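> Here you go, coords_5.txt (compact mmCIF, C-alpha atoms):
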```txt
# COMPACT_ATOMS: atom_id res chain seq x y z
CA MET C 1 1.15 -4.08 14.45
CA ARG C 2 3.85 -2.18 12.60
CA ARG C 3 2.60 0.36 10.08
CA PHE C 4 4.24 1.04 6.72
CA LEU C 5 3.41 4.29 4.93
CA ALA C 6 4.13 2.72 1.54
CA VAL C 7 1.70 -0.15 2.16
CA GLU C 8 -1.03 2.15 3.46
CA PHE C 9 -0.51 4.36 0.40
CA ALA C 10 -0.78 1.42 -2.01
CA THR C 11 -3.96 0.19 -0.33
CA THR C 12 -5.88 3.43 -0.73
CA ILE C 13 -7.54 1.42 -3.50
CA ARG C 14 -9.81 -1.12 -1.80
CA HIS C 15 -12.95 -3.15 -2.37
CA ASP C 16 -16.21 -1.36 -1.60
CA GLY C 17 -17.99 -4.36 -0.06
CA HIS C 18 -20.30 -4.73 -3.06
CA GLY C 19 -18.03 -6.37 -5.61
CA GLY C 20 -16.46 -3.15 -6.84
CA VAL C 21 -13.44 -0.97 -6.06
CA THR C 22 -13.34 2.37 -4.28
CA ASP C 23 -10.58 4.99 -4.09
CA GLU C 24 -9.80 6.56 -0.72
CA LEU C 25 -8.05 9.41 -2.56
CA ALA C 26 -10.88 10.30 -4.92
CA THR C 27 -10.89 14.03 -4.12
CA PRO C 28 -8.44 16.65 -2.81
CA GLU C 29 -10.43 16.72 0.45
CA ALA C 30 -10.10 12.95 0.80
CA LEU C 31 -6.35 13.22 0.20
CA ALA C 32 -6.02 15.89 2.88
CA GLY C 33 -7.93 13.76 5.36
CA TRP C 34 -5.89 10.66 4.57
CA LEU C 35 -2.64 12.60 5.06
CA ALA C 36 -3.78 14.18 8.32
CA GLU C 37 -4.55 10.74 9.77
CA ARG C 38 -1.03 9.57 8.91
CA ALA C 39 1.00 12.65 9.73
CA ASP C 40 3.02 10.68 12.28
CA LEU C 41 4.30 8.32 9.56
CA PHE C 42 6.09 11.08 7.65
CA SER C 43 9.74 11.79 8.37
CA PRO C 44 10.65 14.64 8.32
CA PRO C 45 7.22 15.78 9.62
CA LEU C 46 4.79 17.09 7.00
CA ASP C 47 2.59 20.17 7.27
CA VAL C 48 -0.54 18.91 5.53
CA GLU C 49 -2.35 22.25 5.54
CA ALA C 50 0.63 23.96 3.90
CA ALA C 51 0.58 21.36 1.13
CA HIS C 52 -2.73 22.85 -0.10
CA CYS C 53 -4.27 19.67 -1.47
CA ASP C 54 -5.87 20.46 -4.83
CA GLU C 55 -6.57 18.66 -8.10
CA ALA C 56 -3.01 19.15 -9.38
CA LEU C 57 -1.45 17.64 -6.26
CA LEU C 58 -4.01 14.83 -6.25
CA ALA C 59 -3.06 13.95 -9.84
CA GLU C 60 0.60 13.74 -8.83
CA VAL C 61 -0.17 11.53 -5.84
CA VAL C 62 -2.38 9.18 -7.86
CA GLY C 63 0.28 8.98 -10.58
CA LEU C 64 2.85 8.00 -7.97
CA ARG C 65 0.47 5.42 -6.55
CA GLN C 66 0.28 3.78 -9.98
CA ALA C 67 4.04 3.32 -9.86
CA VAL C 68 3.95 1.99 -6.30
CA ARG C 69 1.29 -0.59 -7.10
CA ALA C 70 3.20 -1.76 -10.18
CA LEU C 71 6.29 -2.26 -8.03
CA PHE C 72 4.26 -4.06 -5.37
CA ALA C 73 2.89 -6.37 -8.05
CA ARG C 74 6.47 -7.28 -8.92
CA ALA C 75 7.40 -7.71 -5.26
CA VAL C 76 4.73 -10.37 -4.61
CA ARG C 77 5.80 -12.62 -7.48
CA PRO C 78 5.33 -15.50 -8.02
CA GLY C 79 2.13 -14.87 -6.08
CA PRO C 80 -0.75 -13.05 -7.79
CA PRO C 81 -0.89 -9.23 -7.75
CA SER C 82 -3.93 -7.29 -6.59
CA PRO C 83 -6.73 -7.83 -9.11
CA ALA C 84 -7.69 -4.15 -8.90
CA ASP C 85 -5.18 -3.13 -11.54
CA ALA C 86 -3.33 -6.31 -12.55
CA HIS C 87 -4.57 -5.88 -16.11
CA ARG C 88 -3.23 -2.32 -16.51
CA LEU C 89 -0.03 -1.99 -14.50
CA LEU C 90 2.62 0.50 -15.54
CA PRO C 91 5.64 -0.99 -17.34
CA MET C 92 8.36 -1.67 -14.78
CA GLU C 93 10.85 0.80 -16.26
CA GLU C 94 8.26 3.57 -16.17
CA ALA C 95 7.24 2.74 -12.62
CA MET C 96 10.82 2.86 -11.35
CA ALA C 97 11.59 6.05 -13.25
CA ARG C 98 8.49 7.73 -11.80
CA LEU C 99 9.38 6.66 -8.26
CA ASN C 100 13.03 7.68 -8.53
CA ALA C 101 12.12 11.06 -9.99
CA ALA C 102 9.78 11.70 -7.05
CA VAL C 103 12.48 10.78 -4.51
CA ALA C 104 14.97 13.10 -6.18
CA ARG C 105 12.69 16.14 -5.88
CA GLU C 106 13.46 16.66 -2.19
CA PRO C 107 17.04 17.35 -1.07
CA ILE C 108 17.61 15.53 2.23
CA THR C 109 20.49 15.79 4.69
CA LEU C 110 21.13 13.73 7.81
CA ARG C 111 21.18 15.50 11.14
CA LEU C 112 23.25 14.03 13.97
CA GLU C 113 21.45 13.76 17.32
CA TRP C 114 23.09 12.61 20.56
CA PRO C 115 20.97 13.09 23.69
CA ASP C 116 22.61 12.62 27.08
CA GLY C 117 22.61 9.00 28.17
CA GLN C 118 21.62 7.69 24.73
CA PRO C 119 23.56 6.48 21.70
CA PRO C 120 24.03 8.85 18.74
CA SER C 121 21.60 8.64 15.85
CA THR C 122 20.70 10.49 12.69
CA SER C 123 17.38 11.88 11.47
CA PRO C 124 16.49 13.16 7.99
CA GLU C 125 16.24 16.91 7.51
CA SER C 126 14.62 18.44 4.45
CA ARG C 127 16.27 21.31 2.63
CA THR C 128 13.07 22.62 1.06
CA GLU C 129 10.06 24.33 2.59
CA ASP C 130 7.74 23.29 -0.25
CA GLN C 131 5.32 20.90 1.46
CA ARG C 132 3.97 19.60 -1.83
CA ILE C 133 7.42 18.48 -2.93
CA ARG C 134 8.02 16.99 0.51
CA LEU C 135 4.75 15.08 0.34
CA ILE C 136 5.47 13.43 -3.01
CA ALA C 137 9.09 12.70 -2.11
CA SER C 138 8.17 11.24 1.28
CA LEU C 139 5.66 8.83 -0.23
CA ALA C 140 8.22 7.75 -2.81
CA ARG C 141 11.01 7.49 -0.27
CA SER C 142 8.88 5.32 2.02
CA THR C 143 8.27 2.97 -0.91
CA THR C 144 11.98 2.77 -1.72
CA ALA C 145 12.77 2.02 1.93
CA PHE C 146 10.08 -0.67 2.10
CA LEU C 147 11.08 -2.40 -1.13
CA THR C 148 14.76 -2.48 -0.17
CA GLY C 149 14.09 -3.60 3.41
CA PRO C 150 13.44 -6.98 5.01
CA PHE C 151 9.63 -6.73 4.95
CA ARG C 152 9.39 -6.80 1.15
CA GLU C 153 9.65 -10.62 1.27
CA ARG C 154 6.51 -10.68 3.43
CA LEU C 155 4.40 -8.51 1.13
CA ARG C 156 1.32 -10.30 -0.21
CA ALA C 157 -1.81 -9.51 -2.19
CA CYS C 158 -4.92 -10.60 -0.29
CA THR C 159 -6.60 -13.49 -2.10
CA ALA C 160 -10.02 -13.18 -0.46
CA PRO C 161 -12.95 -12.71 -2.86
CA ARG C 162 -13.34 -9.06 -3.91
CA CYS C 163 -10.35 -7.86 -1.85
CA VAL C 164 -7.70 -5.81 -3.68
CA ARG C 165 -5.38 -4.93 -0.79
CA TYR C 166 -1.71 -5.60 -0.26
CA PHE C 167 -0.53 -6.49 3.24
CA VAL C 168 2.60 -7.49 5.15
CA GLN C 169 2.38 -11.10 6.29
CA GLY C 170 2.39 -11.33 10.08
CA HIS C 171 3.23 -15.05 10.09
CA GLY C 172 4.16 -17.62 7.50
CA ARG C 173 0.66 -19.02 6.99
CA GLN C 174 -1.27 -15.75 6.75
CA GLU C 175 -3.22 -15.61 3.48
CA TRP C 176 -5.55 -12.66 4.03
CA CYS C 177 -5.18 -9.03 5.10
CA LYS C 178 -7.76 -9.08 7.93
CA PRO C 179 -10.20 -11.41 9.72
CA SER C 180 -13.22 -10.37 7.65
CA CYS C 181 -11.36 -11.38 4.49
CA ALA C 182 -10.40 -14.70 6.09
CA ASN C 183 -14.06 -15.37 6.92
CA ARG C 184 -15.17 -14.46 3.42
CA ALA C 185 -12.51 -16.68 1.84
CA ARG C 186 -13.42 -19.65 4.05
CA ALA C 187 -17.09 -19.18 3.23
CA ALA C 188 -16.29 -19.11 -0.48
CA ARG C 189 -14.23 -22.30 -0.17
CA TYR C 190 -17.05 -24.01 1.75
CA TYR C 191 -19.57 -22.96 -0.89
CA GLU C 192 -17.31 -24.28 -3.65
CA ARG C 193 -16.90 -27.63 -1.87
CA GLN C 194 -20.66 -27.93 -1.40
CA ARG C 195 -21.25 -27.07 -5.03
CA SER C 196 -18.78 -29.76 -6.13
CA VAL C 197 -20.48 -32.33 -3.92
CA ARG C 198 -23.90 -31.46 -5.35
CA ALA C 199 -22.54 -31.67 -8.88
CA GLU C 200 -21.07 -35.11 -8.19
CA ARG C 201 -24.39 -36.30 -6.74
CA ASP C 202 -26.35 -34.95 -9.68
CA GLY C 203 -23.93 -36.62 -12.07
CA ALA C 204 -24.26 -39.95 -10.26
CA ALA C 205 -28.04 -39.67 -10.29
CA ASP C 206 -28.08 -39.09 -14.07
CA SER C 207 -25.82 -42.05 -14.87
```
Turn this file's structure into structure tokens for me.


Amino acid sequence: MRRFLAVEFATTIRHDGHGGVTDELATPEALAGWLAERADLFSPPLDVEAAHCDEALLAEVVGLRQAVRALFARAVRPGPPSPADAHRLLPMEEAMARLNAAVAREPITLRLEWPDGQPPSTSPESRTEDQRIRLIASLARSTTAFLTGPFRERLRACTAPRCVRYFVQGHGRQEWCKPSCANRARAARYYERQRSVRAERDGAADS
């Protein structure tokens, strides 16, 4: 399955399995671990250790995530956004301004590469050594690329009970982000049908 850095970033807010919401980026240490696990998704490559994840950097990352989730909420319309923050999304102008400002922080050039026996291609090359700037800009740039690419039309908010994730639809009928959410949603629908049947029977018995 194809991985999208922007989608994985947006879904660092997830349900905790007990009816609440948990944040995968709750501490600087958690941020460092999350980045290390996804180092291969950053282009140009990111030196996570050199970024020195601390409270200040974490605040920047979380602020950017607010903008990303607001933009994702717009992208899934007319479908429902994630219920995790649907009631307190950033205004659209503020979200776009925050994202664009983050992208602009890192000067990028394109490097031509043309190995023997292969067609020419280009790869991004950063013009700053500041890994913190590169981190923020890379997350923002991945979001811009996702939202302007063909997969935006397949972005959905999972509608399973208690789930708050966004996901990229693998096929036209996919409603949930993963099998466990599908099972939970089907169970909830079954329970609701049974409850309706019991209510109808009770009503008939009382009449």

> Using all atoms listed in the file, determine which residues lie at most 7 Å from Pro124 (chain C), disregarding the query and same-chain residues fewer than 6 positions distant; provide the list as a PyMOL selection string.

chain C and resi 43-44+108-111

> As an exercise, work out the distance from CA of Ala75 (chain C) to CA of Tyr166 (chain C) in Å and give it to one decimal place.

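Value for the CA of Ala75 (chain C)-CA of Tyr166 (chain C) distance: 10.6 Å.
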
> Counting only C-alpha atoms, which residue out of C:Phe9, C:Glu153, C:Cys177, C:Arg105 sits closest to Thr128 (chain C)?

C:Arg105

> Taking all atoms listed in the file into account, name the residue in C:Ser138, C:His15, C:Val168, C:Leu89 that is nearest to Pro150 (chain C).

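Under the stated criterion, the closest residue is C:Val168.
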
> Which of these residues is nearest to Gln169 (chain C), using all atoms listed in the file: C:Ala50, C:Leu147, C:Trp114, C:Arg2?

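Of the candidates, the smallest distance to Gln169 (chain C) is held by C:Arg2.
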
> Can you work out which one of C:Ala56, C:Leu64, C:Leu71, C:Ala10 has the shortest atom-to-atom distance to Thr148 (chain C), counting all atoms listed in the file?

C:Leu71

> Considering all atoms listed in the file, return as a list in words whatever protein or nucleic-acid residues lie within 12 Å of Glu49 (chain C), sequence-local ones (same chain, fewer than 2 positions apart) excluded.

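My list of contacting residues is Pro28, Glu29, Leu31, Ala32, Gly33, Leu35, Ala36, Ala39, Leu46, Asp47, Ala51, His52, Cys53, Asp54, Asp130, Gln131, Arg132 and Leu135 of chain C.
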
> Set the distance at 12 Å and use only C-alpha atoms: which residues neighbour Gly170 (chain C) once local chain neighbours fewer than 5 positions away are removed? I'd like the list as a ChimeraX atom specification.

/C:1-3,151,153-156,175-178

> Which of these, C:Leu25, C:Glu106, C:Ala70, C:Leu5, has the shortest distance to Ala84 (chain C) once you count all atoms listed in the file?

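Under the stated criterion, the closest residue is C:Ala70.
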
> Hey, what's within 10 Å of Ala26 (chain C) if we count all atoms listed in the file and toss same-chain stuff fewer than 3 positions away? As a list of chain:residue names, please?

C:Thr12, C:Ile13, C:Thr22, C:Asp23, C:Glu29, C:Ala30, C:Leu31, C:Glu55, C:Leu58, C:Ala59, C:Val62

> Using all atoms listed in the file, pick whichever of C:Cys181, C:Leu57, C:Arg127, C:Leu41 has the shortest atom-to-atom distance to Cys163 (chain C).

C:Cys181

> Tell me, as a PyMOL selection string, which residues lie within 10 Å of Asp85 (chain C), counting all atoms listed in the file; anything in the same chain fewer than 2 positions away does not count.

chain C and resi 13+66+69-70+73+81-83+87-90+164

> Can you tell me how far CA of Phe72 (chain C) sits from CA of Phe167 (chain C), in Å to one decimal?

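It comes out at 10.1 Å.
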
> Record the distance separating CA of Thr143 (chain C) and CA of Val68 (chain C), expressed in Å with one decimal.

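These two atoms are separated by 7.0 Å.
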